[in-house]
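See below for model_22.pdb, which holds PDB, C-alpha atoms.
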```pdb
ATOM      1  CA  MET A1187      14.209 -14.575 -31.649
ATOM      2  CA  PRO A1188      14.547 -18.273 -32.317
ATOM      3  CA  GLY A1189      17.785 -19.742 -30.983
ATOM      4  CA  THR A1190      18.445 -16.953 -28.464
ATOM      5  CA  VAL A1191      18.579 -17.202 -24.673
ATOM      6  CA  PRO A1192      16.760 -14.416 -22.792
ATOM      7  CA  GLN A1193      18.952 -12.421 -20.401
ATOM      8  CA  LEU A1194      17.439 -10.218 -17.721
ATOM      9  CA  ASP A1195      18.981  -7.629 -15.409
ATOM     10  CA  ASP A1196      19.650  -9.830 -12.362
ATOM     11  CA  LYS A1197      21.378 -13.124 -13.092
ATOM     12  CA  GLN A1198      20.311 -14.538  -9.697
ATOM     13  CA  VAL A1199      16.619 -14.236 -10.458
ATOM     14  CA  ASP A1200      16.698 -14.938 -14.207
ATOM     15  CA  GLN A1201      15.456 -18.492 -13.695
ATOM     16  CA  ALA A1202      12.531 -17.430 -11.491
ATOM     17  CA  GLN A1203      11.590 -14.644 -13.895
ATOM     18  CA  LEU A1204      11.502 -17.036 -16.804
ATOM     19  CA  ASP A1205       9.509 -19.807 -15.083
ATOM     20  CA  PRO A1206       5.784 -18.919 -15.187
ATOM     21  CA  GLY A1207       5.140 -21.287 -12.252
ATOM     22  CA  SER A1208       7.857 -19.825 -10.002
ATOM     23  CA  TYR A1209       7.104 -18.258  -6.634
ATOM     24  CA  TYR A1210       8.484 -14.983  -7.981
ATOM     25  CA  LEU A1211       5.781 -14.836 -10.683
ATOM     26  CA  THR A1212       2.866 -16.438  -8.805
ATOM     27  CA  GLY A1213       3.270 -15.688  -5.107
ATOM     28  CA  LYS A1214       2.623 -19.383  -4.491
ATOM     29  CA  HIS A1215       4.563 -22.475  -3.515
ATOM     30  CA  GLY A1216       2.482 -24.961  -5.445
ATOM     31  CA  ASN A1217      -1.061 -24.026  -4.421
ATOM     32  CA  ILE A1218      -0.166 -22.265  -1.169
ATOM     33  CA  TYR A1219       0.528 -18.540  -0.950
ATOM     34  CA  GLY A1220       3.950 -17.734   0.449
ATOM     35  CA  ASN A1221       4.695 -15.086   3.015
ATOM     36  CA  GLU A1222       8.296 -14.260   2.158
ATOM     37  CA  LEU A1223       9.567 -11.469  -0.031
ATOM     38  CA  PRO A1224      11.760 -12.724  -2.898
ATOM     39  CA  GLY A1225      15.243 -11.240  -2.811
ATOM     40  CA  ASP A1226      14.682  -9.738   0.640
ATOM     41  CA  SER A1227      17.737  -8.859   2.682
ATOM     42  CA  PRO A1228      18.344  -6.248   5.364
ATOM     43  CA  ALA A1229      20.531  -4.368   2.875
ATOM     44  CA  THR A1230      17.738  -4.028   0.284
ATOM     45  CA  ARG A1231      14.652  -3.849   2.533
ATOM     46  CA  ALA A1232      14.585  -0.031   2.782
ATOM     47  CA  GLN A1233      14.907   0.282  -1.006
ATOM     48  CA  ILE A1234      12.126  -2.258  -1.568
ATOM     49  CA  LEU A1235       9.804  -0.454   0.851
ATOM     50  CA  ALA A1236      10.595   2.952  -0.663
ATOM     51  CA  ARG A1237       9.852   1.630  -4.152
ATOM     52  CA  GLY A1238       6.701  -0.062  -2.858
ATOM     53  CA  GLN A1239       5.488   3.181  -1.316
ATOM     54  CA  GLN A1240       6.151   5.054  -4.538
ATOM     55  CA  ARG A1241       4.294   2.493  -6.683
ATOM     56  CA  TYR A1242       1.477   2.171  -4.107
ATOM     57  CA  ASN A1243       0.983   5.939  -4.161
ATOM     58  CA  ILE A1244       0.712   5.875  -7.948
ATOM     59  CA  TYR A1245      -1.434   2.789  -8.569
ATOM     60  CA  CYS A1246      -3.245   1.985  -5.322
ATOM     61  CA  THR A1247      -4.191   5.198  -3.526
ATOM     62  CA  PRO A1248      -7.017   6.189  -5.904
ATOM     63  CA  CYS A1249      -9.051   3.312  -4.425
ATOM     64  CA  HIS A1250      -7.253   2.220  -1.255
ATOM     65  CA  SER A1251      -6.152   5.696   0.028
ATOM     66  CA  MET A1252      -2.770   6.726   1.416
ATOM     67  CA  VAL A1253      -3.363   4.805   4.664
ATOM     68  CA  GLY A1254      -5.001   1.739   3.100
ATOM     69  CA  ASP A1255      -8.441   2.188   4.640
ATOM     70  CA  GLY A1256     -10.247   1.787   1.296
ATOM     71  CA  ASN A1257     -11.476   5.360   1.161
ATOM     72  CA  GLY A1258      -9.525   6.665  -1.826
ATOM     73  CA  MET A1259     -10.604   9.542  -4.042
ATOM     74  CA  ILE A1260     -12.484   7.501  -6.637
ATOM     75  CA  VAL A1261     -14.365   5.746  -3.845
ATOM     76  CA  GLN A1262     -15.386   9.186  -2.597
ATOM     77  CA  ARG A1263     -16.697   9.805  -6.136
ATOM     78  CA  GLY A1264     -19.023   6.810  -6.069
ATOM     79  CA  TYR A1265     -16.971   3.729  -6.946
ATOM     80  CA  LYS A1266     -17.330   0.630  -4.818
ATOM     81  CA  ARG A1267     -15.186   0.745  -1.676
ATOM     82  CA  PRO A1268     -12.476  -1.933  -1.411
ATOM     83  CA  PRO A1269     -11.881  -3.521   1.989
ATOM     84  CA  SER A1270      -9.504  -1.840   4.379
ATOM     85  CA  PHE A1271      -6.054  -3.420   4.580
ATOM     86  CA  HIS A1272      -6.472  -3.095   8.341
ATOM     87  CA  VAL A1273      -9.210  -5.704   8.765
ATOM     88  CA  GLN A1274      -8.002  -8.895  10.435
ATOM     89  CA  ARG A1275      -8.559 -11.045   7.342
ATOM     90  CA  LEU A1276      -6.115  -8.943   5.325
ATOM     91  CA  LYS A1277      -3.662  -8.469   8.179
ATOM     92  CA  ASN A1278      -3.429 -12.277   8.209
ATOM     93  CA  ALA A1279      -3.118 -12.594   4.413
ATOM     94  CA  PRO A1280       0.324 -13.698   3.197
ATOM     95  CA  LEU A1281       2.417 -11.457   0.935
ATOM     96  CA  GLY A1282       1.923 -13.892  -1.939
ATOM     97  CA  TRP A1283      -1.834 -13.263  -1.794
ATOM     98  CA  PHE A1284      -1.339  -9.505  -2.251
ATOM     99  CA  TYR A1285       1.077 -10.186  -5.108
ATOM    100  CA  ASP A1286      -1.497 -12.477  -6.745
ATOM    101  CA  VAL A1287      -4.309  -9.924  -6.403
ATOM    102  CA  ILE A1288      -2.147  -7.190  -7.937
ATOM    103  CA  SER A1289      -1.216  -9.581 -10.756
ATOM    104  CA  ASN A1290      -4.622 -11.113 -11.466
ATOM    105  CA  GLY A1291      -7.212  -8.830  -9.895
ATOM    106  CA  PHE A1292      -9.881  -9.820  -7.394
ATOM    107  CA  GLY A1293     -13.558  -8.903  -7.155
ATOM    108  CA  GLY A1294     -13.973  -5.374  -8.494
ATOM    109  CA  MET A1295     -10.219  -4.807  -8.725
ATOM    110  CA  PRO A1296      -8.718  -5.284 -12.189
ATOM    111  CA  ASP A1297      -5.335  -6.895 -12.693
ATOM    112  CA  TYR A1298      -2.307  -4.628 -12.847
ATOM    113  CA  ALA A1299       0.072  -7.108 -14.501
ATOM    114  CA  ALA A1300       0.439  -4.913 -17.599
ATOM    115  CA  GLN A1301       1.096  -1.730 -15.613
ATOM    116  CA  VAL A1302       3.228  -2.993 -12.725
ATOM    117  CA  LYS A1303       6.252  -5.240 -13.253
ATOM    118  CA  PRO A1304       6.734  -8.244 -10.912
ATOM    119  CA  ALA A1305       9.465  -6.681  -8.746
ATOM    120  CA  ASP A1306       7.214  -3.665  -8.153
ATOM    121  CA  ARG A1307       4.233  -5.903  -7.312
ATOM    122  CA  TRP A1308       6.363  -7.509  -4.594
ATOM    123  CA  ALA A1309       7.468  -4.075  -3.396
ATOM    124  CA  ILE A1310       3.824  -2.941  -3.166
ATOM    125  CA  ALA A1311       2.925  -6.113  -1.232
ATOM    126  CA  ALA A1312       5.760  -5.389   1.211
ATOM    127  CA  TYR A1313       4.622  -1.780   1.557
ATOM    128  CA  ILE A1314       1.045  -2.891   2.277
ATOM    129  CA  ARG A1315       2.419  -5.000   5.139
ATOM    130  CA  ALA A1316       4.368  -1.970   6.419
ATOM    131  CA  LEU A1317       1.195   0.138   6.159
ATOM    132  CA  GLN A1318      -0.694  -2.442   8.185
ATOM    133  CA  LEU A1319       1.978  -2.395  10.863
ATOM    134  CA  SER A1320       2.176   1.389  10.953
ATOM    135  CA  GLN A1321      -1.553   1.904  11.375
ATOM    136  CA  ASN A1322      -1.962  -0.720  14.070
ATOM    137  CA  ALA A1323       1.297  -0.570  16.003
ATOM    138  CA  PRO A1324       0.948  -0.880  19.761
ATOM    139  CA  GLU A1325       2.572   1.824  21.862
ATOM    140  CA  THR A1326       5.029  -0.777  23.193
ATOM    141  CA  ASP A1327       6.584  -0.971  19.702
ATOM    142  CA  VAL A1328       7.689   2.655  20.019
ATOM    143  CA  ALA A1329      11.005   3.348  21.751
ATOM    144  CA  GLU A1330      10.408   4.585  25.273
ATOM    145  CA  ALA A1331      12.252   7.841  24.566
ATOM    146  CA  ASP A1332       9.843   8.553  21.687
ATOM    147  CA  ARG A1333       6.573   7.668  23.445
ATOM    148  CA  THR A1334       6.019  11.199  24.694
ATOM    149  CA  LYS A1335       5.864  12.313  21.057
ATOM    150  CA  LEU A1336       2.739  10.190  20.608
ATOM    151  CA  SER A1337       0.662  12.565  22.705
ATOM    152  CA  LYS A1338      -1.038  15.628  21.302
ATOM    153  CA  PRO A1339       1.506  17.872  19.538
ATOM    154  CA  SER A1340       2.336  21.117  21.250
ATOM    155  CA  GLU A1341       3.724  24.383  20.024
ATOM    156  CA  GLU A1342       6.995  23.602  21.842
ATOM    157  CA  ASP A1343       7.477  20.813  19.276
ATOM    158  CA  GLY A1344       7.468  23.474  16.562
ATOM    159  CA  ILE A1345       3.968  22.504  15.452
ATOM    160  CA  LYS A1346       1.392  25.286  15.402
ATOM    161  CA  ILE A1347      -2.093  23.936  15.986
ATOM    162  CA  PRO A1348      -4.603  26.064  14.035
ATOM    163  CA  GLU A1349      -7.466  27.490  16.083
ATOM    164  CA  THR A1350      -9.908  25.930  13.612
ATOM    165  CA  SER A1351      -8.682  22.488  14.664
ATOM    166  CA  LEU A1352      -9.728  23.103  18.251
ATOM    167  CA  LYS A1353     -13.244  24.423  17.593
ATOM    168  CA  PRO A1354     -16.129  23.072  15.540
ATOM    169  CA  PRO A1355     -16.725  25.039  12.336
ATOM    170  CA  ALA A1356     -19.145  27.939  12.577
ATOM    171  CA  THR A1357     -22.413  27.705  10.744
ATOM    172  CA  VAL A1358     -21.987  29.335   7.392
ATOM    173  CA  SER A1359     -25.012  31.014   5.889
ATOM    174  CA  GLN A1360     -25.451  30.973   2.146
ATOM    175  CA  PRO A1361     -25.496  34.450   0.562
ATOM    176  CA  GLU A1362     -28.479  35.290  -1.538
ATOM    177  CA  SER A1363     -27.779  34.977  -5.230
ATOM    178  CA  GLY A1364     -29.816  38.023  -6.179
ATOM    179  CA  VAL A1365     -31.783  36.007  -8.732
ATOM    180  CA  LYS A1366     -35.542  36.409  -8.366
ATOM    181  CA  ARG A1367     -37.991  33.862  -9.573
TER     182      ARG A1367
END
```

Could you write out this file's structure as structure tokens?
Amino acid sequence: MPGTVPQLDDKQVDQAQLDPGSYYLTGKHGNIYGNELPGDSPATRAQILARGQQRYNIYCTPCHSMVGDGNGMIVQRGYKRPPSFHVQRLKNAPLGWFYDVISNGFGGMPDYAAQVKPADRWAIAAYIRALQLSQNAPETDVAEADRTKLSKPSEEDGIKIPETSLKPPATVSQPESGVKR
């Protein structure tokens, strides 16, 4: 309404949310993509990543898959495959670039600005970075006490390995349909 001042939920980020050229709404400092997460703090990081995972699972997995390899369900149905988040080019991409792509689209990917609010776009960008780290973590990043868990699971761990996982599938013959031509 004319003469009113917009008020948003978080007074600390009101200014950034109202400035269309802000880092919060563009992912850029001027013309350069930033690599920091707005509003990030150790106290909120777990919440941001949890929200990012939730939103990623809803909006991104159909194309990018749960692990970010670009082999989602619609790709398996014939749509063009997006690049894996695990290629070096995207592992080097700053968070602001992911935010910008979610906001404005890129190549065959449409923009998601109408579906995903800015805070959730940042959360998804942060989750993509966590996905990249999880899929490419060196063994030295795992606590020494937990490294033995990286080997093949055993039944002592409470995990039953199905026999079908240890053998190749048998050749299955097709039954005759009974229809004569």

So, counting all atoms listed in the file, which residue among A:Ile1288, A:Val1261, A:Ala1331, A:Leu1235 is closest to Pro1304 in chain A?
->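 Using all atoms listed in the file, the shortest distance to Pro1304 in chain A belongs to A:Ile1288.
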
I'd like the contact shell of Asn1257 in chain A - 9 Å cut-off, all atoms listed in the file, skipping same-chain residues fewer than 3 positions apart - returned as an mmCIF file with C-alpha atoms, keeping the file's coordinate frame.
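Output saved as part.cif:
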```cif
data_model
loop_
_atom_site.group_PDB
_atom_site.id
_atom_site.type_symbol
_atom_site.label_atom_id
_atom_site.label_comp_id
_atom_site.auth_asym_id
_atom_site.auth_seq_id
_atom_site.Cartn_x
_atom_site.Cartn_y
_atom_site.Cartn_z
ATOM 1 C CA THR A 1247 -4.191 5.198 -3.526
ATOM 2 C CA PRO A 1248 -7.017 6.189 -5.904
ATOM 3 C CA CYS A 1249 -9.051 3.312 -4.425
ATOM 4 C CA HIS A 1250 -7.253 2.220 -1.255
ATOM 5 C CA SER A 1251 -6.152 5.696 0.028
ATOM 6 C CA MET A 1252 -2.770 6.726 1.416
ATOM 7 C CA VAL A 1253 -3.363 4.805 4.664
ATOM 8 C CA GLY A 1254 -5.001 1.739 3.100
ATOM 9 C CA ILE A 1260 -12.484 7.501 -6.637
ATOM 10 C CA VAL A 1261 -14.365 5.746 -3.845
ATOM 11 C CA GLN A 1262 -15.386 9.186 -2.597
ATOM 12 C CA ARG A 1267 -15.186 0.745 -1.676
ATOM 13 C CA PRO A 1268 -12.476 -1.933 -1.411
ATOM 14 C CA PRO A 1269 -11.881 -3.521 1.989
ATOM 15 C CA SER A 1270 -9.504 -1.840 4.379
#
```

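One distance worth recording is that between CA of Lys1277 in chain A and CA of Gln1318 in chain A, which is 6.7 Å.
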
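Comparing the minimum interatomic distances between Gly1216 in chain A and each of A:Gly1282, A:Leu1276, A:Ala1323, A:Trp1308, counting all atoms listed in the file, we find that A:Gly1282 sits nearest.
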
Pick from A:Tyr1285, A:Cys1246, A:Ala1236, A:Asn1278, whichever lies nearest to Tyr1209 in chain A using all atoms listed in the file =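 Ranking A:Tyr1285, A:Cys1246, A:Ala1236, A:Asn1278 by distance to Tyr1209 in chain A, first place goes to A:Tyr1285.
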
Near Ala1316 in chain A, counting all atoms listed in the file, which residues have an atom at most 12 Å away, once you skip same-chain residues fewer than 2 positions from it, shown as a list in words?
-> Arg1231, Ala1232, Ile1234, Leu1235, Ala1236, Gly1238, Gln1239, Tyr1242, Val1253, Gly1254, Phe1271, His1272, Lys1277, Leu1281, Ala1309, Ile1310, Ala1311, Ala1312, Tyr1313, Ile1314, Gln1318, Leu1319, Ser1320, Gln1321, Asn1322 and Ala1323 of chain A
